[in-house]
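A.B. asks: Just so it is clear, I am handing over query02.txt, which has compact mmCIF, N, CA and C atoms.
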# COMPACT_ATOMS: atom_id res chain seq x y z
N MET C 855 10.48 -28.14 -26.46
CA MET C 855 9.32 -27.53 -25.87
C MET C 855 9.05 -28.05 -24.46
N ALA C 856 9.70 -29.08 -24.07
CA ALA C 856 9.50 -29.63 -22.73
C ALA C 856 9.92 -28.64 -21.66
N SER C 857 10.89 -27.81 -21.96
CA SER C 857 11.35 -26.83 -20.97
C SER C 857 10.39 -25.67 -20.82
N GLN C 858 9.43 -25.53 -21.76
CA GLN C 858 8.50 -24.42 -21.69
C GLN C 858 7.69 -24.46 -20.39
N GLY C 859 7.22 -25.63 -19.97
CA GLY C 859 6.48 -25.75 -18.73
C GLY C 859 7.33 -25.42 -17.53
N LYS C 860 8.60 -25.77 -17.61
CA LYS C 860 9.53 -25.51 -16.53
C LYS C 860 9.73 -24.01 -16.29
N HIS C 861 9.66 -23.22 -17.34
CA HIS C 861 9.90 -21.78 -17.26
C HIS C 861 8.61 -20.98 -17.43
N ARG C 862 7.49 -21.58 -17.14
CA ARG C 862 6.21 -20.91 -17.26
C ARG C 862 6.15 -19.71 -16.31
N ILE C 863 5.65 -18.61 -16.78
CA ILE C 863 5.54 -17.40 -15.97
C ILE C 863 4.29 -17.51 -15.11
N ARG C 864 4.46 -17.33 -13.82
CA ARG C 864 3.33 -17.40 -12.89
C ARG C 864 2.40 -16.22 -13.12
N GLN C 865 1.12 -16.49 -13.06
CA GLN C 865 0.13 -15.46 -13.31
C GLN C 865 -0.60 -14.99 -12.05
N GLU C 866 -0.41 -15.71 -10.93
CA GLU C 866 -1.07 -15.30 -9.70
C GLU C 866 -0.13 -15.49 -8.52
N PHE C 867 -0.35 -14.65 -7.51
CA PHE C 867 0.53 -14.65 -6.35
C PHE C 867 -0.29 -14.53 -5.06
N SER C 868 0.26 -15.04 -3.98
CA SER C 868 -0.33 -14.84 -2.66
C SER C 868 0.02 -13.43 -2.19
N VAL C 869 -0.63 -12.98 -1.13
CA VAL C 869 -0.35 -11.66 -0.60
C VAL C 869 1.10 -11.55 -0.13
N GLY C 870 1.63 -12.62 0.45
CA GLY C 870 3.02 -12.62 0.89
C GLY C 870 3.99 -12.52 -0.27
N GLU C 871 3.67 -13.21 -1.36
CA GLU C 871 4.54 -13.14 -2.55
C GLU C 871 4.51 -11.75 -3.16
N VAL C 872 3.34 -11.13 -3.23
CA VAL C 872 3.24 -9.77 -3.77
C VAL C 872 4.03 -8.80 -2.88
N ALA C 873 3.89 -8.97 -1.58
CA ALA C 873 4.63 -8.11 -0.65
C ALA C 873 6.14 -8.26 -0.87
N SER C 874 6.59 -9.49 -0.99
CA SER C 874 8.01 -9.75 -1.18
C SER C 874 8.51 -9.20 -2.51
N ARG C 875 7.77 -9.42 -3.57
CA ARG C 875 8.20 -8.99 -4.90
C ARG C 875 8.11 -7.48 -5.09
N SER C 876 7.16 -6.84 -4.41
CA SER C 876 6.97 -5.40 -4.61
C SER C 876 7.72 -4.56 -3.57
N GLY C 877 8.14 -5.20 -2.46
CA GLY C 877 8.80 -4.45 -1.40
C GLY C 877 7.82 -3.65 -0.55
N VAL C 878 6.55 -4.02 -0.61
CA VAL C 878 5.50 -3.32 0.12
C VAL C 878 4.97 -4.25 1.21
N ALA C 879 4.75 -3.74 2.39
CA ALA C 879 4.26 -4.56 3.50
C ALA C 879 2.87 -5.11 3.20
N ILE C 880 2.58 -6.27 3.77
CA ILE C 880 1.26 -6.87 3.59
C ILE C 880 0.17 -5.91 4.06
N SER C 881 0.39 -5.25 5.17
CA SER C 881 -0.62 -4.30 5.67
C SER C 881 -0.85 -3.17 4.66
N THR C 882 0.19 -2.76 3.96
CA THR C 882 0.05 -1.72 2.94
C THR C 882 -0.77 -2.24 1.77
N LEU C 883 -0.55 -3.50 1.39
CA LEU C 883 -1.35 -4.08 0.31
C LEU C 883 -2.82 -4.11 0.70
N HIS C 884 -3.11 -4.48 1.93
CA HIS C 884 -4.50 -4.49 2.40
C HIS C 884 -5.06 -3.06 2.38
N PHE C 885 -4.23 -2.09 2.80
CA PHE C 885 -4.65 -0.69 2.78
C PHE C 885 -4.96 -0.24 1.35
N TYR C 886 -4.05 -0.53 0.43
CA TYR C 886 -4.27 -0.17 -0.98
C TYR C 886 -5.56 -0.78 -1.50
N GLU C 887 -5.79 -2.03 -1.13
CA GLU C 887 -6.99 -2.70 -1.59
C GLU C 887 -8.24 -2.04 -1.00
N GLY C 888 -8.17 -1.71 0.27
CA GLY C 888 -9.29 -1.02 0.91
C GLY C 888 -9.59 0.33 0.29
N LYS C 889 -8.56 0.98 -0.24
CA LYS C 889 -8.73 2.28 -0.88
C LYS C 889 -9.08 2.17 -2.36
N GLY C 890 -9.18 0.94 -2.87
CA GLY C 890 -9.56 0.75 -4.26
C GLY C 890 -8.43 0.93 -5.26
N LEU C 891 -7.19 0.91 -4.79
CA LEU C 891 -6.04 1.08 -5.68
C LEU C 891 -5.65 -0.23 -6.38
N ILE C 892 -5.83 -1.33 -5.68
CA ILE C 892 -5.55 -2.65 -6.24
C ILE C 892 -6.70 -3.57 -5.85
N ARG C 893 -6.74 -4.76 -6.46
CA ARG C 893 -7.77 -5.70 -6.06
C ARG C 893 -7.22 -7.12 -6.10
N SER C 894 -7.84 -7.95 -5.30
CA SER C 894 -7.47 -9.35 -5.24
C SER C 894 -8.73 -10.19 -5.42
N TRP C 895 -8.55 -11.46 -5.39
CA TRP C 895 -9.67 -12.39 -5.41
C TRP C 895 -9.33 -13.52 -4.45
N ARG C 896 -10.29 -14.34 -4.11
CA ARG C 896 -10.09 -15.43 -3.16
C ARG C 896 -10.13 -16.77 -3.90
N ASN C 897 -9.18 -17.65 -3.55
CA ASN C 897 -9.19 -18.99 -4.13
C ASN C 897 -10.13 -19.89 -3.34
N GLN C 898 -10.16 -21.18 -3.69
CA GLN C 898 -11.09 -22.10 -3.02
C GLN C 898 -10.80 -22.24 -1.53
N ALA C 899 -9.56 -22.03 -1.14
CA ALA C 899 -9.20 -22.10 0.29
C ALA C 899 -9.44 -20.76 0.99
N ASN C 900 -10.04 -19.81 0.28
CA ASN C 900 -10.33 -18.48 0.79
C ASN C 900 -9.06 -17.66 1.07
N HIS C 901 -7.98 -17.96 0.36
CA HIS C 901 -6.75 -17.20 0.46
C HIS C 901 -6.76 -16.09 -0.59
N ARG C 902 -6.27 -14.96 -0.18
CA ARG C 902 -6.21 -13.81 -1.08
C ARG C 902 -5.19 -14.09 -2.18
N ARG C 903 -5.55 -13.80 -3.43
CA ARG C 903 -4.66 -13.98 -4.57
C ARG C 903 -4.69 -12.71 -5.42
N TYR C 904 -3.55 -12.44 -6.02
CA TYR C 904 -3.41 -11.28 -6.90
C TYR C 904 -2.91 -11.75 -8.25
N TYR C 905 -3.42 -11.15 -9.31
CA TYR C 905 -2.87 -11.41 -10.62
C TYR C 905 -1.54 -10.69 -10.75
N ARG C 906 -0.70 -11.22 -11.60
CA ARG C 906 0.66 -10.72 -11.80
C ARG C 906 0.70 -9.21 -12.09
N ASP C 907 -0.29 -8.69 -12.82
CA ASP C 907 -0.26 -7.28 -13.21
C ASP C 907 -0.38 -6.31 -12.03
N VAL C 908 -0.75 -6.83 -10.84
CA VAL C 908 -0.81 -5.96 -9.67
C VAL C 908 0.57 -5.40 -9.34
N LEU C 909 1.62 -6.12 -9.70
CA LEU C 909 2.98 -5.64 -9.42
C LEU C 909 3.26 -4.32 -10.14
N ARG C 910 2.78 -4.19 -11.37
CA ARG C 910 2.98 -2.93 -12.10
C ARG C 910 2.14 -1.82 -11.49
N ARG C 911 0.91 -2.15 -11.11
CA ARG C 911 0.05 -1.15 -10.47
C ARG C 911 0.69 -0.63 -9.19
N ILE C 912 1.25 -1.53 -8.40
CA ILE C 912 1.92 -1.13 -7.16
C ILE C 912 3.13 -0.26 -7.48
N ALA C 913 3.87 -0.60 -8.51
CA ALA C 913 5.03 0.22 -8.90
C ALA C 913 4.59 1.63 -9.28
N VAL C 914 3.50 1.75 -10.02
CA VAL C 914 2.98 3.07 -10.40
C VAL C 914 2.57 3.84 -9.15
N ILE C 915 1.89 3.17 -8.23
CA ILE C 915 1.46 3.82 -6.98
C ILE C 915 2.67 4.33 -6.20
N LYS C 916 3.69 3.49 -6.06
CA LYS C 916 4.86 3.87 -5.28
C LYS C 916 5.63 5.02 -5.92
N VAL C 917 5.78 5.01 -7.23
CA VAL C 917 6.48 6.11 -7.91
C VAL C 917 5.69 7.40 -7.75
N ALA C 918 4.37 7.33 -7.91
CA ALA C 918 3.55 8.53 -7.76
C ALA C 918 3.61 9.06 -6.33
N GLN C 919 3.56 8.15 -5.35
CA GLN C 919 3.67 8.58 -3.94
C GLN C 919 5.02 9.24 -3.69
N ARG C 920 6.05 8.66 -4.24
CA ARG C 920 7.40 9.23 -4.03
C ARG C 920 7.49 10.64 -4.60
N ALA C 921 6.72 10.88 -5.66
CA ALA C 921 6.69 12.22 -6.25
C ALA C 921 5.78 13.16 -5.48
N GLY C 922 5.13 12.65 -4.42
CA GLY C 922 4.30 13.49 -3.59
C GLY C 922 2.84 13.55 -4.01
N ILE C 923 2.42 12.67 -4.89
CA ILE C 923 1.03 12.66 -5.34
C ILE C 923 0.18 11.99 -4.26
N PRO C 924 -0.88 12.62 -3.80
CA PRO C 924 -1.73 12.02 -2.77
C PRO C 924 -2.42 10.75 -3.27
N LEU C 925 -2.66 9.80 -2.37
CA LEU C 925 -3.30 8.55 -2.74
C LEU C 925 -4.67 8.76 -3.39
N ALA C 926 -5.42 9.75 -2.92
CA ALA C 926 -6.74 10.00 -3.52
C ALA C 926 -6.61 10.38 -4.99
N THR C 927 -5.58 11.15 -5.33
CA THR C 927 -5.35 11.55 -6.71
C THR C 927 -4.91 10.34 -7.54
N ILE C 928 -4.07 9.50 -6.95
CA ILE C 928 -3.63 8.29 -7.64
C ILE C 928 -4.83 7.39 -7.91
N ARG C 929 -5.68 7.22 -6.90
CA ARG C 929 -6.87 6.37 -7.05
C ARG C 929 -7.77 6.89 -8.17
N GLU C 930 -8.00 8.20 -8.21
CA GLU C 930 -8.83 8.79 -9.26
C GLU C 930 -8.25 8.50 -10.64
N ALA C 931 -6.94 8.63 -10.76
CA ALA C 931 -6.30 8.40 -12.05
C ALA C 931 -6.40 6.93 -12.46
N LEU C 932 -6.13 6.03 -11.52
CA LEU C 932 -6.19 4.60 -11.84
C LEU C 932 -7.62 4.14 -12.11
N ALA C 933 -8.60 4.81 -11.50
CA ALA C 933 -10.00 4.45 -11.71
C ALA C 933 -10.45 4.74 -13.15
N GLU C 934 -9.74 5.62 -13.83
CA GLU C 934 -10.07 5.94 -15.21
C GLU C 934 -9.70 4.82 -16.18
N LEU C 935 -8.84 3.91 -15.73
CA LEU C 935 -8.43 2.80 -16.59
C LEU C 935 -9.57 1.78 -16.67
N PRO C 936 -9.89 1.29 -17.86
CA PRO C 936 -10.99 0.33 -17.98
C PRO C 936 -10.73 -0.94 -17.18
N ASP C 937 -11.73 -1.38 -16.43
CA ASP C 937 -11.71 -2.64 -15.70
C ASP C 937 -10.46 -2.82 -14.84
N GLN C 938 -10.00 -1.73 -14.26
CA GLN C 938 -8.82 -1.73 -13.39
C GLN C 938 -7.61 -2.39 -14.05
N ARG C 939 -7.45 -2.23 -15.35
CA ARG C 939 -6.33 -2.85 -16.02
C ARG C 939 -5.01 -2.21 -15.60
N THR C 940 -3.95 -2.90 -15.89
CA THR C 940 -2.61 -2.43 -15.56
C THR C 940 -2.28 -1.22 -16.42
N PRO C 941 -1.71 -0.18 -15.83
CA PRO C 941 -1.32 0.99 -16.62
C PRO C 941 -0.24 0.63 -17.64
N THR C 942 -0.43 1.09 -18.85
CA THR C 942 0.57 0.90 -19.90
C THR C 942 1.54 2.08 -19.87
N ALA C 943 2.55 2.02 -20.71
CA ALA C 943 3.50 3.13 -20.82
C ALA C 943 2.76 4.40 -21.25
N GLU C 944 1.80 4.26 -22.15
CA GLU C 944 1.02 5.41 -22.61
C GLU C 944 0.16 5.98 -21.47
N ASP C 945 -0.43 5.09 -20.66
CA ASP C 945 -1.20 5.54 -19.50
C ASP C 945 -0.31 6.33 -18.55
N TRP C 946 0.88 5.79 -18.28
CA TRP C 946 1.79 6.47 -17.35
C TRP C 946 2.19 7.84 -17.89
N LYS C 947 2.41 7.92 -19.19
CA LYS C 947 2.78 9.20 -19.80
C LYS C 947 1.66 10.22 -19.58
N ARG C 948 0.42 9.80 -19.77
CA ARG C 948 -0.72 10.69 -19.58
C ARG C 948 -0.87 11.08 -18.11
N LEU C 949 -0.78 10.10 -17.21
CA LEU C 949 -0.93 10.37 -15.78
C LEU C 949 0.17 11.29 -15.28
N SER C 950 1.40 10.98 -15.64
CA SER C 950 2.51 11.76 -15.11
C SER C 950 2.51 13.18 -15.66
N SER C 951 2.07 13.37 -16.90
CA SER C 951 2.02 14.74 -17.43
C SER C 951 0.95 15.55 -16.71
N ARG C 952 -0.14 14.90 -16.31
CA ARG C 952 -1.20 15.57 -15.56
C ARG C 952 -0.67 16.01 -14.20
N TRP C 953 0.15 15.18 -13.59
CA TRP C 953 0.67 15.48 -12.26
C TRP C 953 1.83 16.47 -12.28
N LYS C 954 2.45 16.64 -13.44
CA LYS C 954 3.62 17.51 -13.55
C LYS C 954 3.28 18.95 -13.17
N ALA C 955 2.16 19.46 -13.63
CA ALA C 955 1.77 20.84 -13.31
C ALA C 955 1.56 21.00 -11.81
N GLU C 956 0.93 20.01 -11.18
CA GLU C 956 0.72 20.06 -9.73
C GLU C 956 2.06 20.08 -9.00
N LEU C 957 2.99 19.25 -9.45
CA LEU C 957 4.32 19.22 -8.82
C LEU C 957 5.08 20.52 -9.03
N ASP C 958 4.97 21.08 -10.24
CA ASP C 958 5.65 22.36 -10.52
C ASP C 958 5.13 23.46 -9.60
N THR C 959 3.83 23.50 -9.37
CA THR C 959 3.24 24.49 -8.47
C THR C 959 3.75 24.28 -7.05
N ARG C 960 3.77 23.03 -6.62
CA ARG C 960 4.25 22.73 -5.26
C ARG C 960 5.72 23.11 -5.11
N ILE C 961 6.52 22.83 -6.11
CA ILE C 961 7.95 23.17 -6.07
C ILE C 961 8.13 24.68 -5.97
N THR C 962 7.36 25.43 -6.73
CA THR C 962 7.44 26.88 -6.70
C THR C 962 7.10 27.41 -5.31
N LYS C 963 6.01 26.88 -4.72
CA LYS C 963 5.61 27.33 -3.38
C LYS C 963 6.66 26.96 -2.34
N LEU C 964 7.22 25.77 -2.43
CA LEU C 964 8.25 25.36 -1.48
C LEU C 964 9.52 26.18 -1.63
N THR C 965 9.87 26.54 -2.85
CA THR C 965 11.05 27.37 -3.08
C THR C 965 10.85 28.75 -2.47
N GLU C 966 9.66 29.31 -2.66
CA GLU C 966 9.36 30.62 -2.05
C GLU C 966 9.41 30.52 -0.53
N LEU C 967 8.85 29.47 0.03
CA LEU C 967 8.87 29.27 1.47
C LEU C 967 10.31 29.16 1.98
N ARG C 968 11.11 28.35 1.29
CA ARG C 968 12.51 28.20 1.69
C ARG C 968 13.23 29.53 1.68
N ASP C 969 12.99 30.34 0.65
CA ASP C 969 13.67 31.62 0.53
C ASP C 969 13.23 32.63 1.59
N GLN C 970 12.01 32.46 2.12
CA GLN C 970 11.51 33.38 3.15
C GLN C 970 11.85 32.93 4.56
N LEU C 971 12.19 31.68 4.74
CA LEU C 971 12.42 31.14 6.08
C LEU C 971 13.53 31.85 6.84
N GLY C 972 14.65 32.11 6.20
CA GLY C 972 15.78 32.74 6.88
C GLY C 972 15.40 34.07 7.49
N GLY C 973 14.69 34.90 6.75
CA GLY C 973 14.29 36.20 7.25
C GLY C 973 13.28 36.08 8.36
N CYS C 974 12.40 35.12 8.27
CA CYS C 974 11.36 34.95 9.29
C CYS C 974 11.98 34.51 10.61
N ILE C 975 12.82 33.54 10.57
CA ILE C 975 13.43 33.04 11.79
C ILE C 975 14.34 34.11 12.40
N GLY C 976 15.00 34.86 11.53
CA GLY C 976 15.91 35.89 12.00
C GLY C 976 15.22 37.12 12.55
N CYS C 977 14.00 37.40 12.12
CA CYS C 977 13.36 38.65 12.53
C CYS C 977 12.89 38.60 13.98
N GLY C 978 12.45 37.45 14.44
CA GLY C 978 12.03 37.30 15.82
C GLY C 978 10.72 37.95 16.17
N CYS C 979 10.00 38.50 15.20
CA CYS C 979 8.77 39.22 15.52
C CYS C 979 7.62 38.29 15.90
N LEU C 980 7.52 37.17 15.23
CA LEU C 980 6.41 36.24 15.44
C LEU C 980 5.07 36.95 15.38
N SER C 981 4.98 37.96 14.57
CA SER C 981 3.78 38.76 14.43
C SER C 981 2.75 38.05 13.56
N MET C 982 1.55 37.96 14.01
CA MET C 982 0.47 37.39 13.21
C MET C 982 -0.07 38.42 12.23
N GLU C 983 0.25 39.70 12.47
CA GLU C 983 -0.30 40.73 11.60
C GLU C 983 0.46 40.88 10.30
N ASP C 984 1.77 40.88 10.34
CA ASP C 984 2.50 41.10 9.11
C ASP C 984 3.58 40.07 8.84
N CYS C 985 3.44 38.87 9.35
CA CYS C 985 4.41 37.82 9.07
C CYS C 985 4.24 37.39 7.60
N PRO C 986 5.33 37.44 6.82
CA PRO C 986 5.21 37.09 5.40
C PRO C 986 4.90 35.61 5.16
N LEU C 987 5.11 34.78 6.17
CA LEU C 987 4.82 33.35 6.00
C LEU C 987 3.45 32.98 6.54
N ARG C 988 3.12 33.44 7.71
CA ARG C 988 1.87 33.05 8.37
C ARG C 988 0.69 33.88 7.89
N ASN C 989 0.92 35.15 7.60
CA ASN C 989 -0.17 36.05 7.21
C ASN C 989 0.34 37.07 6.21
N PRO C 990 0.71 36.63 5.00
CA PRO C 990 1.28 37.57 4.04
C PRO C 990 0.31 38.72 3.71
N TRP C 991 0.84 39.92 3.74
CA TRP C 991 0.11 41.15 3.42
C TRP C 991 -1.16 41.27 4.26
N ASP C 992 -1.14 40.73 5.47
CA ASP C 992 -2.26 40.79 6.41
C ASP C 992 -3.58 40.35 5.77
N GLU C 993 -3.49 39.29 4.97
CA GLU C 993 -4.68 38.77 4.28
C GLU C 993 -5.76 38.29 5.24
N LEU C 994 -5.36 37.85 6.43
CA LEU C 994 -6.34 37.34 7.38
C LEU C 994 -7.31 38.43 7.86
N SER C 995 -6.89 39.69 7.81
CA SER C 995 -7.78 40.77 8.25
C SER C 995 -9.01 40.85 7.35
N GLU C 996 -8.90 40.37 6.14
CA GLU C 996 -10.03 40.39 5.20
C GLU C 996 -11.15 39.46 5.66
N ARG C 997 -10.82 38.47 6.47
CA ARG C 997 -11.81 37.48 6.92
C ARG C 997 -12.59 37.93 8.14
N GLY C 998 -12.21 39.02 8.73
CA GLY C 998 -12.93 39.53 9.89
C GLY C 998 -12.28 39.12 11.20
N ALA C 999 -12.99 39.41 12.29
CA ALA C 999 -12.47 39.17 13.63
C ALA C 999 -12.57 37.69 13.99
N GLY C 1000 -11.80 37.31 15.00
CA GLY C 1000 -11.85 35.95 15.51
C GLY C 1000 -10.76 35.08 14.93
N PRO C 1001 -10.64 33.84 15.43
CA PRO C 1001 -9.59 32.94 14.97
C PRO C 1001 -9.83 32.55 13.52
N GLN C 1002 -8.80 32.67 12.73
CA GLN C 1002 -8.91 32.35 11.31
C GLN C 1002 -8.08 31.12 10.92
N LEU C 1003 -7.10 30.82 11.73
CA LEU C 1003 -6.20 29.70 11.43
C LEU C 1003 -6.42 28.58 12.44
N LEU C 1004 -6.78 27.44 11.95
CA LEU C 1004 -7.01 26.33 12.86
C LEU C 1004 -5.97 25.23 12.70
N ASP C 1005 -4.97 25.41 11.86
CA ASP C 1005 -3.98 24.35 11.65
C ASP C 1005 -2.84 24.42 12.61
How does the structure come out when it is put into structure tokens?
C.D. replies:
Amino acid sequence: MASQGKHRIRQEFSVGEVASRSGVAISTLHFYEGKGLIRSWRNQANHRRYYRDVLRRIAVIKVAQRAGIPLATIREALAELPDQRTPTAEDWKRLSSRWKAELDTRITKLTELRDQLGGCIGCGCLSMEDCPLRNPWDELSERGAGPQLLD
């Protein structure tokens, strides 16, 4: 049992250690914390410390971001967990199934856009009235006169 202390699993990390272990920049960790995605506490020397479970939370955040889930949506989902606990496998299953429909819709829209791009670029019309990408079926005419697109 003497070796048990030697192989004790660390339960808290500095911001630099979390950055190194998670592959996320320190500034990103501060950003996540500011957005309420993760949290830290301060030790007696006023140094930021994170509990070990923050590594799993960061992994969930990064996977969700990679799938195109907005940070606000991730924050809302993680906020549903009691006392900001680490997501379990069951939590991830529930969260990811919720996001699947959103991703399927986005994939469908992107596929349609991709399929229309060739014709749009090739037509050369750049018409705001009947462009199938910018103004499909002249939907903007329904909104009345004046500028309708500000993006």
A.B. asks: Between C:Ser995, C:Thr965, C:Ser950, C:Thr940, which one has atoms that come closest to Arg910 of chain C, using only N, CA and C atoms?
C.D. replies: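 That would be C:Thr940, the residue with the smallest distance to Arg910 of chain C.
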A.B. asks: Do a neighbour search on Val869 of chain C at 7 Å with only N, CA and C atoms, toss out local chain neighbours closer than 3 positions, and write the hits as a compact mmCIF listing (two decimals) with N, CA and C atoms, keeping the file's coordinate frame.
C.D. replies:
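Written file, out_19.txt:
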# COMPACT_ATOMS: atom_id res chain seq x y z
N VAL C 872 3.34 -11.13 -3.23
CA VAL C 872 3.24 -9.77 -3.77
C VAL C 872 4.03 -8.80 -2.88
N ALA C 873 3.89 -8.97 -1.58
CA ALA C 873 4.63 -8.11 -0.65
C ALA C 873 6.14 -8.26 -0.87
N SER C 874 6.59 -9.49 -0.99
CA SER C 874 8.01 -9.75 -1.18
C SER C 874 8.51 -9.20 -2.51
N ILE C 880 2.58 -6.27 3.77
CA ILE C 880 1.26 -6.87 3.59
C ILE C 880 0.17 -5.91 4.06
N HIS C 901 -7.98 -17.96 0.36
CA HIS C 901 -6.75 -17.20 0.46
C HIS C 901 -6.76 -16.09 -0.59
N ARG C 902 -6.27 -14.96 -0.18
CA ARG C 902 -6.21 -13.81 -1.08
C ARG C 902 -5.19 -14.09 -2.18
N ARG C 903 -5.55 -13.80 -3.43
CA ARG C 903 -4.66 -13.98 -4.57
C ARG C 903 -4.69 -12.71 -5.42
N TYR C 904 -3.55 -12.44 -6.02
CA TYR C 904 -3.41 -11.28 -6.90
C TYR C 904 -2.91 -11.75 -8.25
A.B. asks: Where in segment 879-948 of chain C does DSSP assign strand (DSSP E), given as a PyMOL selection string?
C.D. replies: chain C and resi 895-896+902-905
A.B. asks: Between atom CA of Asp945 of chain C and atom N of Leu957 of chain C, measure the distance and give it in Å to one decimal.
C.D. replies: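 Atom-to-atom, atom CA of Asp945 of chain C and atom N of Leu957 of chain C are spaced 17.5 Å apart.
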A.B. asks: Please measure the separation of atom N of Glu934 of chain C and atom C of Asp907 of chain C, giving the value in Å to one decimal.
C.D. replies: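 A separation of 15.3 Å between them.
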A.B. asks: Could you tell me how far atom C of Leu935 of chain C lies from atom CA of Leu909 of chain C, in Å and to one decimal?
C.D. replies: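 Atom-to-atom, atom C of Leu935 of chain C and atom CA of Leu909 of chain C are spaced 16.3 Å apart.
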A.B. asks: Which one of C:Lys889, C:Arg939, C:His884, C:Lys963 sits closest to Gly870 of chain C if you count only C-alpha atoms?
C.D. replies: C:His884
A.B. asks: Please identify the helix (DSSP H, G or I) residues within segment 860-981 of chain C (assignment by DSSP from backbone atoms) and present them as a ChimeraX atom specification.
C.D. replies: /C:860,869-876,880-888,908-920,925-933,936-938,943-977
A.B. asks: From the list C:Leu891, C:Ala955, C:Ile863, C:Ala926, which residue is nearest Ile912 of chain C when using all atoms listed in the file?
C.D. replies: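 Answer, going by the shortest atom-to-atom distance: C:Leu891.
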A.B. asks: Please check which residues have atoms at most 8 Å from (0.8, 8.1, -7.2) in the file's coordinates, counting all atoms listed in the file, and write them as a list in words.
C.D. replies: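 The answer, in the requested form, is Ala913, Val914, Ile915, Lys916, Val917, Ala918, Gln919, Arg920, Ala921, Gly922, Ile923, Pro924, Leu925, Ala926, Thr927, Ile928 and Arg929 of chain C.
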A.B. asks: Using all atoms listed in the file, which protein or nucleic acid residues come within 7 Å of Leu949 of chain C? Drop anything in the same chain fewer than 5 positions from it, and give the result as a PDB file with N, CA and C atoms, keeping the file's coordinate frame.
C.D. replies:
ATOM      1  N   ALA C 931      -6.940   8.630 -10.760  1.00  0.00           N
ATOM      2  CA  ALA C 931      -6.300   8.400 -12.050  1.00  0.00           C
ATOM      3  C   ALA C 931      -6.400   6.930 -12.460  1.00  0.00           C
ATOM      4  N   GLU C 944       1.800   4.260 -22.150  1.00  0.00           N
ATOM      5  CA  GLU C 944       1.020   5.410 -22.610  1.00  0.00           C
ATOM      6  C   GLU C 944       0.160   5.980 -21.470  1.00  0.00           C
ATOM      7  N   LYS C 954       2.450  16.640 -13.440  1.00  0.00           N
ATOM      8  CA  LYS C 954       3.620  17.510 -13.550  1.00  0.00           C
ATOM      9  C   LYS C 954       3.280  18.950 -13.170  1.00  0.00           C
TER      10      LYS C 954
END
